[in-house]
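Asker: My questions all concern the structure below.
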Amino acid sequence: MINNAQVFVLESKKLRVSITNYGAHILRVEMLNRNGKWSDCVLGYETLEDYKKYDGYVGATIGRACNRIKDGRFTLHGKNYQLGLNDGDKSLHGGIHGFDKRMFVASIYDEGMLQLQYRSVDGEEGYPGTVDVIITYRTFDDTLSVTYDAVSNKDTLVNLTNHSYFNLSDTSNQLKNHTLQIQAHEFAEIDENLITTGNFIPVADTLFDFRKPQEIYQQLQKNHPQKERAKGIDHHYNFSTSTNQVVLDYPPLKRRLIVSTSMPGAQIYTANFLDKRWFRNNKEFGFRDAICIETQAISNSINFSEGLEVILRAFEPYHEWTNYRFESYE
Ligand code: BGC
C-alpha cells in the first residue's frame, strides 16, 4: 500500500491537472477544446497501485539525475561514486528508488498552484549531499508550468525532469497524424547501451530532423542506425532556441502542445519500450503510442565532459522550469 498518497487537482480556465505527491507524478492533464469538451492529453493509470507496479515512469518526476549514467559511476572532485543500478549495469532515472518512488510533502496547495517538497538525504542512491527539492506546479489559462528548485549541502549531480507520455489523439495509433517540431540542429549519439557518448550528430538529412514540423509516424518508418539502437527515437536534442522549443500537433483534432523550457535540451522518447498495458478509461496503449518530452540537461555528461550542466554546487540554487501550453486552435 502507498501511505499518505493524495491527489491534488489544479484548475484554470482551460486546464484540469491532477498530481499526486507519490513520486510527484502528473496523473492527468485535461484540456478544454473549442467545442467545450475536455480531453485527456497524457497517459495515466486508474489507481495509485498501478503507478507503483508498472515500469515506464508514466507521469513521474525524475531525479536526482534523469536518464542513464554509464555503469552508474562518476567521479567528482577526485572521489568515485557508485549509484544504484536498475537498468542492467546502468543507473536509470535516479536509480533503484529514484524520486518517482518517493513520497513528497505538499507545502502549498490551492486551485492554481501546488508545491511538493522532498528531502533526498546524503548518500541516497549513492549520490553525495543532502538535497532539498521543491517542485511547483501552476495552471493558468491553457498552460501548466512546472518549476524545479533544489539546493544541496555538498556538490552533487542534479538533473530533474518530468516523464509524462503525451498523446493528443486519445487513441493508441502509434502517434499517427501527430506532427513534431523540435528547435534543434543536433542530437546526442547513443552507444549500444543507449548511453550518450558525448558525440553529437547533425539532424540534417536524417529522420531525426524535426526543425520543420514532421509526422512522427512517417519519420519512424525511415532507417538510421541510431533509431535501430533505441527501437525509435530515444535521444537527447540540444535546443537552438530559448522558447517554444518543442511543438506537438495533432491536426485532425486541432490540438497542440507547445513546450517552452529553461533547460538546454530534451530527451525525446517515442515510447519504444512501453509494452501494452491498460490505462485509465479502459484504454490500452503500448509501443510508440505516445511521446515523452523530457526537458533536461544532457545525461551522462559527467562521464564525457566536465559535466558542468549537471553538477549542482553546494548551497547554490538549482532553478529550472518547463511550461506546457495546450492549445485548441481554429
Ligand atoms: C529513456 C528510455 C526508457 C524510458 C522509460 C526514457 O527517458 O530514455 O530509454 O525506456 O525513459 O524507462
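We label chains A, B, ... in the order they appear in the C-alpha cells, count residues from 1 in each chain, and number ligands from 1 in the order shown.
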If we count only C-alpha atoms and set the cut-off at 7 Å, which residues sit around stretch 176-192 of chain A, ignoring sequence neighbours fewer than 2 positions away in its own chain? Please answer as a PDB file with C-alpha atoms, in the first residue's frame.
Answerer:
ATOM      1  CA  ASN A 173      -2.374   4.561 -33.091  1.00  0.00           C
ATOM      2  CA  GLN A 174       1.410   4.817 -32.882  1.00  0.00           C
ATOM      3  CA  LEU A 194      21.567   3.694 -25.056  1.00  0.00           C
ATOM      4  CA  ILE A 195      24.102   5.829 -23.207  1.00  0.00           C
ATOM      5  CA  THR A 196      25.171   9.189 -24.562  1.00  0.00           C
ATOM      6  CA  THR A 197      28.715   9.028 -25.912  1.00  0.00           C
ATOM      7  CA  GLY A 198      29.485  12.748 -25.990  1.00  0.00           C
ATOM      8  CA  ASN A 199      29.261  12.923 -29.776  1.00  0.00           C
ATOM      9  CA  PHE A 200      26.561  14.975 -31.426  1.00  0.00           C
ATOM     10  CA  ILE A 201      25.005  14.175 -34.781  1.00  0.00           C
ATOM     11  CA  PRO A 202      23.575  16.880 -37.068  1.00  0.00           C
ATOM     12  CA  VAL A 203      19.868  16.220 -37.669  1.00  0.00           C
ATOM     13  CA  PHE A 210      12.215  17.995 -36.842  1.00  0.00           C
ATOM     14  CA  ARG A 211      13.320  21.571 -37.426  1.00  0.00           C
ATOM     15  CA  LYS A 212      10.216  21.852 -39.584  1.00  0.00           C
ATOM     16  CA  PRO A 213       7.103  20.023 -38.384  1.00  0.00           C
ATOM     17  CA  GLN A 214       7.211  16.363 -39.447  1.00  0.00           C
ATOM     18  CA  GLU A 215       4.838  13.481 -38.950  1.00  0.00           C
ATOM     19  CA  ILE A 216       6.404  11.357 -36.260  1.00  0.00           C
ATOM     20  CA  TYR A 217       4.968   8.089 -37.551  1.00  0.00           C
ATOM     21  CA  ARG A 229      19.586   1.018 -31.329  1.00  0.00           C
ATOM     22  CA  HIS A 235      17.654  10.714 -27.828  1.00  0.00           C
ATOM     23  CA  HIS A 236      18.720  13.981 -26.287  1.00  0.00           C
ATOM     24  CA  TYR A 237      18.310  17.037 -28.516  1.00  0.00           C
ATOM     25  CA  ASN A 238      20.306  20.221 -27.870  1.00  0.00           C
ATOM     26  CA  PHE A 239      17.985  23.167 -28.317  1.00  0.00           C
ATOM     27  CA  SER A 240      18.901  26.031 -30.614  1.00  0.00           C
ATOM     28  CA  THR A 241      16.291  28.489 -29.260  1.00  0.00           C
ATOM     29  CA  GLN A 245      11.498  24.547 -28.335  1.00  0.00           C
ATOM     30  CA  VAL A 246       9.109  21.641 -28.939  1.00  0.00           C
ATOM     31  CA  VAL A 247       5.666  21.612 -30.554  1.00  0.00           C
ATOM     32  CA  LEU A 248       3.498  18.503 -30.748  1.00  0.00           C
ATOM     33  CA  ASP A 249       0.498  18.966 -33.001  1.00  0.00           C
ATOM     34  CA  TYR A 250      -2.488  16.794 -33.810  1.00  0.00           C
TER      35      TYR A 250
END
Asker: Using only C-alpha atoms and all ligand atoms, find each protein or nucleic acid residue lying at most 6 Å from ligand 1; present the set as a PyMOL selection string.
Answerer: chain A and resi 56-57+67+234+269+273
Asker: Go ahead and save the residues from that selection, with N, CA, C and O atoms, as a PDB file, in the first residue's frame.
Answerer:
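again-v6.pdb, written as the output of this step:
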ATOM      1  N   GLY A  56       8.232   2.237 -16.662  1.00  0.00           N
ATOM      2  CA  GLY A  56       7.916   3.221 -17.693  1.00  0.00           C
ATOM      3  C   GLY A  56       7.830   4.644 -17.194  1.00  0.00           C
ATOM      4  O   GLY A  56       7.740   5.572 -17.987  1.00  0.00           O
ATOM      5  N   TYR A  57       7.793   4.839 -15.875  1.00  0.00           N
ATOM      6  CA  TYR A  57       7.850   6.192 -15.281  1.00  0.00           C
ATOM      7  C   TYR A  57       6.731   7.099 -15.803  1.00  0.00           C
ATOM      8  O   TYR A  57       6.956   8.288 -16.052  1.00  0.00           O
ATOM      9  N   ASN A  67      17.744   9.948 -16.880  1.00  0.00           N
ATOM     10  CA  ASN A  67      18.325   9.067 -17.892  1.00  0.00           C
ATOM     11  C   ASN A  67      19.540   8.277 -17.405  1.00  0.00           C
ATOM     12  O   ASN A  67      19.729   8.103 -16.210  1.00  0.00           O
ATOM     13  N   ASP A 234      14.906   7.937 -28.968  1.00  0.00           N
ATOM     14  CA  ASP A 234      15.137   7.913 -27.521  1.00  0.00           C
ATOM     15  C   ASP A 234      16.452   8.664 -27.306  1.00  0.00           C
ATOM     16  O   ASP A 234      17.437   8.106 -26.850  1.00  0.00           O
ATOM     17  N   TYR A 269      11.448  10.770 -26.469  1.00  0.00           N
ATOM     18  CA  TYR A 269      11.322   9.313 -26.333  1.00  0.00           C
ATOM     19  C   TYR A 269       9.965   8.884 -26.890  1.00  0.00           C
ATOM     20  O   TYR A 269       8.924   9.300 -26.359  1.00  0.00           O
ATOM     21  N   PHE A 273       9.782   1.340 -25.591  1.00  0.00           N
ATOM     22  CA  PHE A 273       9.861   0.203 -24.658  1.00  0.00           C
ATOM     23  C   PHE A 273       8.585   0.066 -23.824  1.00  0.00           C
ATOM     24  O   PHE A 273       8.562  -0.656 -22.841  1.00  0.00           O
TER      25      PHE A 273
END
Asker: Applying 7 Å and only C-alpha atoms, which residues near stretch 7-24 of chain A remain after dropping the ones on its own chain fewer than 2 positions away? List them as a list in words.
Answerer: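 Residues meeting the cut-off are Ala5, Ile26, Leu27, Arg28, Val29, Glu30, Met31, Leu32, Ala60, Thr61, Phe99, Asp100, Lys101, Arg102, Met103, Phe104, Val105, Ala106, Glu111, Gly112, Met113, Leu116, Thr139, Phe140, Asp141 and Asp142 of chain A.
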Asker: State, in Å with one decimal place, the distance from atom CA of A:Asp170 to atom CA of A:Cys41.
Answerer: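 Distance between the two atoms: 7.1 Å.
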Asker: Tell me, in Å to one decimal, how far atom CA of A:Gly129 is from atom CA of A:Asn4.
Answerer: 26.2 Å
Asker: Could you give me, as a PDB file with N, CA, C and O atoms, in the first residue's frame, each residue of stretch 68-227 of chain A that DSSP assigns to helix (DSSP H, G or I) when run on this structure's backbone?
Answerer:
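Done, and the output landed in out05.pdb:
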ATOM      1  N   LYS A  70      26.485   5.873 -17.209  1.00  0.00           N
ATOM      2  CA  LYS A  70      27.272   4.685 -17.562  1.00  0.00           C
ATOM      3  C   LYS A  70      27.823   3.997 -16.319  1.00  0.00           C
ATOM      4  O   LYS A  70      28.448   4.645 -15.472  1.00  0.00           O
ATOM      5  N   ASP A  71      27.552   2.709 -16.229  1.00  0.00           N
ATOM      6  CA  ASP A  71      27.980   1.881 -15.090  1.00  0.00           C
ATOM      7  C   ASP A  71      27.505   2.445 -13.740  1.00  0.00           C
ATOM      8  O   ASP A  71      27.958   1.987 -12.686  1.00  0.00           O
ATOM      9  N   GLY A  72      26.633   3.431 -13.772  1.00  0.00           N
ATOM     10  CA  GLY A  72      26.193   4.077 -12.539  1.00  0.00           C
ATOM     11  C   GLY A  72      27.353   4.688 -11.767  1.00  0.00           C
ATOM     12  O   GLY A  72      27.293   4.773 -10.539  1.00  0.00           O
ATOM     13  N   PHE A  99      13.352   9.533  -7.422  1.00  0.00           N
ATOM     14  CA  PHE A  99      12.313  10.445  -6.906  1.00  0.00           C
ATOM     15  C   PHE A  99      10.912   9.960  -7.271  1.00  0.00           C
ATOM     16  O   PHE A  99       9.946  10.247  -6.575  1.00  0.00           O
ATOM     17  N   ASP A 100      10.810   9.208  -8.365  1.00  0.00           N
ATOM     18  CA  ASP A 100       9.499   8.708  -8.806  1.00  0.00           C
ATOM     19  C   ASP A 100       8.863   7.775  -7.792  1.00  0.00           C
ATOM     20  O   ASP A 100       7.654   7.529  -7.844  1.00  0.00           O
ATOM     21  N   LYS A 101       9.681   7.222  -6.873  1.00  0.00           N
ATOM     22  CA  LYS A 101       9.146   6.288  -5.872  1.00  0.00           C
ATOM     23  C   LYS A 101       9.152   6.890  -4.475  1.00  0.00           C
ATOM     24  O   LYS A 101       8.956   6.177  -3.483  1.00  0.00           O
ATOM     25  N   GLU A 124      21.790   8.944  -0.658  1.00  0.00           N
ATOM     26  CA  GLU A 124      20.630   8.271  -1.256  1.00  0.00           C
ATOM     27  C   GLU A 124      20.954   7.860  -2.697  1.00  0.00           C
ATOM     28  O   GLU A 124      21.421   8.680  -3.489  1.00  0.00           O
ATOM     29  N   GLU A 125      20.739   6.602  -2.996  1.00  0.00           N
ATOM     30  CA  GLU A 125      21.049   6.023  -4.318  1.00  0.00           C
ATOM     31  C   GLU A 125      22.511   6.277  -4.716  1.00  0.00           C
ATOM     32  O   GLU A 125      22.844   6.245  -5.905  1.00  0.00           O
ATOM     33  N   GLY A 126      23.348   6.561  -3.730  1.00  0.00           N
ATOM     34  CA  GLY A 126      24.780   6.740  -3.981  1.00  0.00           C
ATOM     35  C   GLY A 126      25.210   8.174  -4.260  1.00  0.00           C
ATOM     36  O   GLY A 126      26.406   8.449  -4.401  1.00  0.00           O
ATOM     37  N   ILE A 216       5.511  12.240 -37.020  1.00  0.00           N
ATOM     38  CA  ILE A 216       6.404  11.357 -36.260  1.00  0.00           C
ATOM     39  C   ILE A 216       6.352   9.937 -36.835  1.00  0.00           C
ATOM     40  O   ILE A 216       7.381   9.304 -37.064  1.00  0.00           O
ATOM     41  N   TYR A 217       5.132   9.469 -37.068  1.00  0.00           N
ATOM     42  CA  TYR A 217       4.968   8.089 -37.551  1.00  0.00           C
ATOM     43  C   TYR A 217       5.732   7.878 -38.860  1.00  0.00           C
ATOM     44  O   TYR A 217       6.425   6.877 -39.034  1.00  0.00           O
ATOM     45  N   GLN A 218       5.603   8.840 -39.760  1.00  0.00           N
ATOM     46  CA  GLN A 218       6.291   8.729 -41.060  1.00  0.00           C
ATOM     47  C   GLN A 218       7.801   8.725 -40.873  1.00  0.00           C
ATOM     48  O   GLN A 218       8.506   7.933 -41.501  1.00  0.00           O
ATOM     49  N   GLN A 219       8.281   9.610 -40.016  1.00  0.00           N
ATOM     50  CA  GLN A 219       9.729   9.692 -39.789  1.00  0.00           C
ATOM     51  C   GLN A 219      10.253   8.361 -39.249  1.00  0.00           C
ATOM     52  O   GLN A 219      11.342   7.930 -39.599  1.00  0.00           O
ATOM     53  N   PRO A 225      20.932   4.031 -38.137  1.00  0.00           N
ATOM     54  CA  PRO A 225      21.497   3.132 -37.130  1.00  0.00           C
ATOM     55  C   PRO A 225      21.145   3.556 -35.701  1.00  0.00           C
ATOM     56  O   PRO A 225      20.931   2.708 -34.827  1.00  0.00           O
ATOM     57  N   GLN A 226      21.027   4.866 -35.478  1.00  0.00           N
ATOM     58  CA  GLN A 226      20.688   5.342 -34.129  1.00  0.00           C
ATOM     59  C   GLN A 226      19.245   4.988 -33.762  1.00  0.00           C
ATOM     60  O   GLN A 226      18.933   4.751 -32.602  1.00  0.00           O
ATOM     61  N   LYS A 227      18.375   4.934 -34.764  1.00  0.00           N
ATOM     62  CA  LYS A 227      16.984   4.547 -34.490  1.00  0.00           C
ATOM     63  C   LYS A 227      16.915   3.064 -34.170  1.00  0.00           C
ATOM     64  O   LYS A 227      16.181   2.645 -33.264  1.00  0.00           O
TER      65      LYS A 227
END
Asker: I'd like the neighbourhood of stretch 258-264 of chain A as a ChimeraX atom specification, where a residue qualifies if any of its atoms comes within 6 Å (using only C-alpha atoms), though same-chain residues fewer than 4 positions away should be ignored.
Answerer: /A:239,243-247,296-297,320-325
Asker: When DSSP works through the backbone of this structure, what residues of stretch 12-179 of chain A end up as strand (DSSP E or B), shown as a PyMOL selection string?
Answerer: chain A and resi 15-20+22+26-32+38-40+42+60-62+65+68-69+73-76+79-82+87+90-92+103+105-110+113-120+131-140+143-152+156-157+159+161-163+165-166+179
Asker: Calculate how many Å separate atom CA of A:Gln267 from atom CA of A:Gly88, rounding to one decimal.
Answerer: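 So the answer is 20.1 Å.
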Asker: Can you pull out every residue within 6 Å of A:Ala150, counting only C-alpha atoms, but drop anything in the same chain fewer than 4 positions away, and send it as a PyMOL selection string?
Answerer: chain A and resi 132-133+318
Asker: So that I can see what lies close to stretch 299-316 of chain A, please list as a PyMOL selection string the residues with an atom at most 8 Å from it, counting only C-alpha atoms and leaving out residues fewer than 6 positions away in the same chain.
Answerer: chain A and resi 65-70+74-75+151-159+195-198
Asker: If we count only C-alpha atoms, what is near A:Val58 at a cut-off of 12 Å, once residues fewer than 2 positions away on the same chain are taken out, given as a PDB file with C-alpha atoms, in the first residue's frame?
Answerer:
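The new file around_35.pdb reads:
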ATOM      1  CA  GLY A  23       6.712  10.432  -6.886  1.00  0.00           C
ATOM      2  CA  ALA A  24       5.274  13.861  -7.746  1.00  0.00           C
ATOM      3  CA  HIS A  25       3.536  12.230 -10.697  1.00  0.00           C
ATOM      4  CA  ILE A  26       1.368  14.161 -13.104  1.00  0.00           C
ATOM      5  CA  LEU A  27      -1.649  11.848 -13.199  1.00  0.00           C
ATOM      6  CA  ARG A  28      -3.901  13.627 -15.623  1.00  0.00           C
ATOM      7  CA  VAL A  42      -1.343  12.319 -21.105  1.00  0.00           C
ATOM      8  CA  LEU A  43      -1.296   8.624 -20.305  1.00  0.00           C
ATOM      9  CA  GLY A  44      -2.201   7.733 -16.738  1.00  0.00           C
ATOM     10  CA  TYR A  45      -3.318   4.709 -14.761  1.00  0.00           C
ATOM     11  CA  GLU A  46      -6.558   4.166 -12.933  1.00  0.00           C
ATOM     12  CA  LEU A  48      -2.055   4.606  -7.465  1.00  0.00           C
ATOM     13  CA  ASP A  50      -0.637   0.756 -10.843  1.00  0.00           C
ATOM     14  CA  TYR A  51       1.862   3.592 -10.633  1.00  0.00           C
ATOM     15  CA  LYS A  52       3.837   1.505  -8.163  1.00  0.00           C
ATOM     16  CA  LYS A  53       3.502  -1.715 -10.118  1.00  0.00           C
ATOM     17  CA  TYR A  54       4.410  -0.693 -13.658  1.00  0.00           C
ATOM     18  CA  ASP A  55       7.707   0.402 -15.159  1.00  0.00           C
ATOM     19  CA  GLY A  56       7.916   3.221 -17.693  1.00  0.00           C
ATOM     20  CA  ALA A  60       6.784  10.709 -12.891  1.00  0.00           C
ATOM     21  CA  THR A  61       9.184  13.312 -11.620  1.00  0.00           C
ATOM     22  CA  ILE A  62      12.682  12.020 -12.295  1.00  0.00           C
ATOM     23  CA  ASP A 100       9.499   8.708  -8.806  1.00  0.00           C
ATOM     24  CA  LYS A 101       9.146   6.288  -5.872  1.00  0.00           C
ATOM     25  CA  ASN A 162       9.067  15.007 -15.843  1.00  0.00           C
ATOM     26  CA  HIS A 163       8.274  11.809 -17.695  1.00  0.00           C
ATOM     27  CA  SER A 164       4.722  12.392 -18.974  1.00  0.00           C
ATOM     28  CA  TYR A 165       3.623  10.498 -22.076  1.00  0.00           C
ATOM     29  CA  PHE A 166       1.692  12.759 -24.421  1.00  0.00           C
ATOM     30  CA  ALA A 271       7.709   5.078 -26.029  1.00  0.00           C
ATOM     31  CA  LEU A 274       6.312   0.705 -23.473  1.00  0.00           C
ATOM     32  CA  ARG A 277      -0.938  -2.193 -20.791  1.00  0.00           C
ATOM     33  CA  PHE A 279      -4.500   2.894 -18.782  1.00  0.00           C
ATOM     34  CA  PHE A 285      -1.523   1.876 -25.058  1.00  0.00           C
ATOM     35  CA  GLY A 286       1.873   0.417 -25.852  1.00  0.00           C
ATOM     36  CA  ALA A 290       2.825   8.288 -27.006  1.00  0.00           C
ATOM     37  CA  ILE A 291       5.776  10.621 -26.747  1.00  0.00           C
ATOM     38  CA  CYS A 292       7.789  11.914 -23.794  1.00  0.00           C
ATOM     39  CA  GLU A 294      11.784  15.151 -21.073  1.00  0.00           C
TER      40      GLU A 294
END
Asker: Tell me which of A:Ile298, A:Leu207, A:Ile233, A:Leu168 sits closest to A:Asn33, counting only C-alpha atoms.
Answerer: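 Between A:Ile298, A:Leu207, A:Ile233, A:Leu168, the residue approaching A:Asn33 most closely is A:Leu168.
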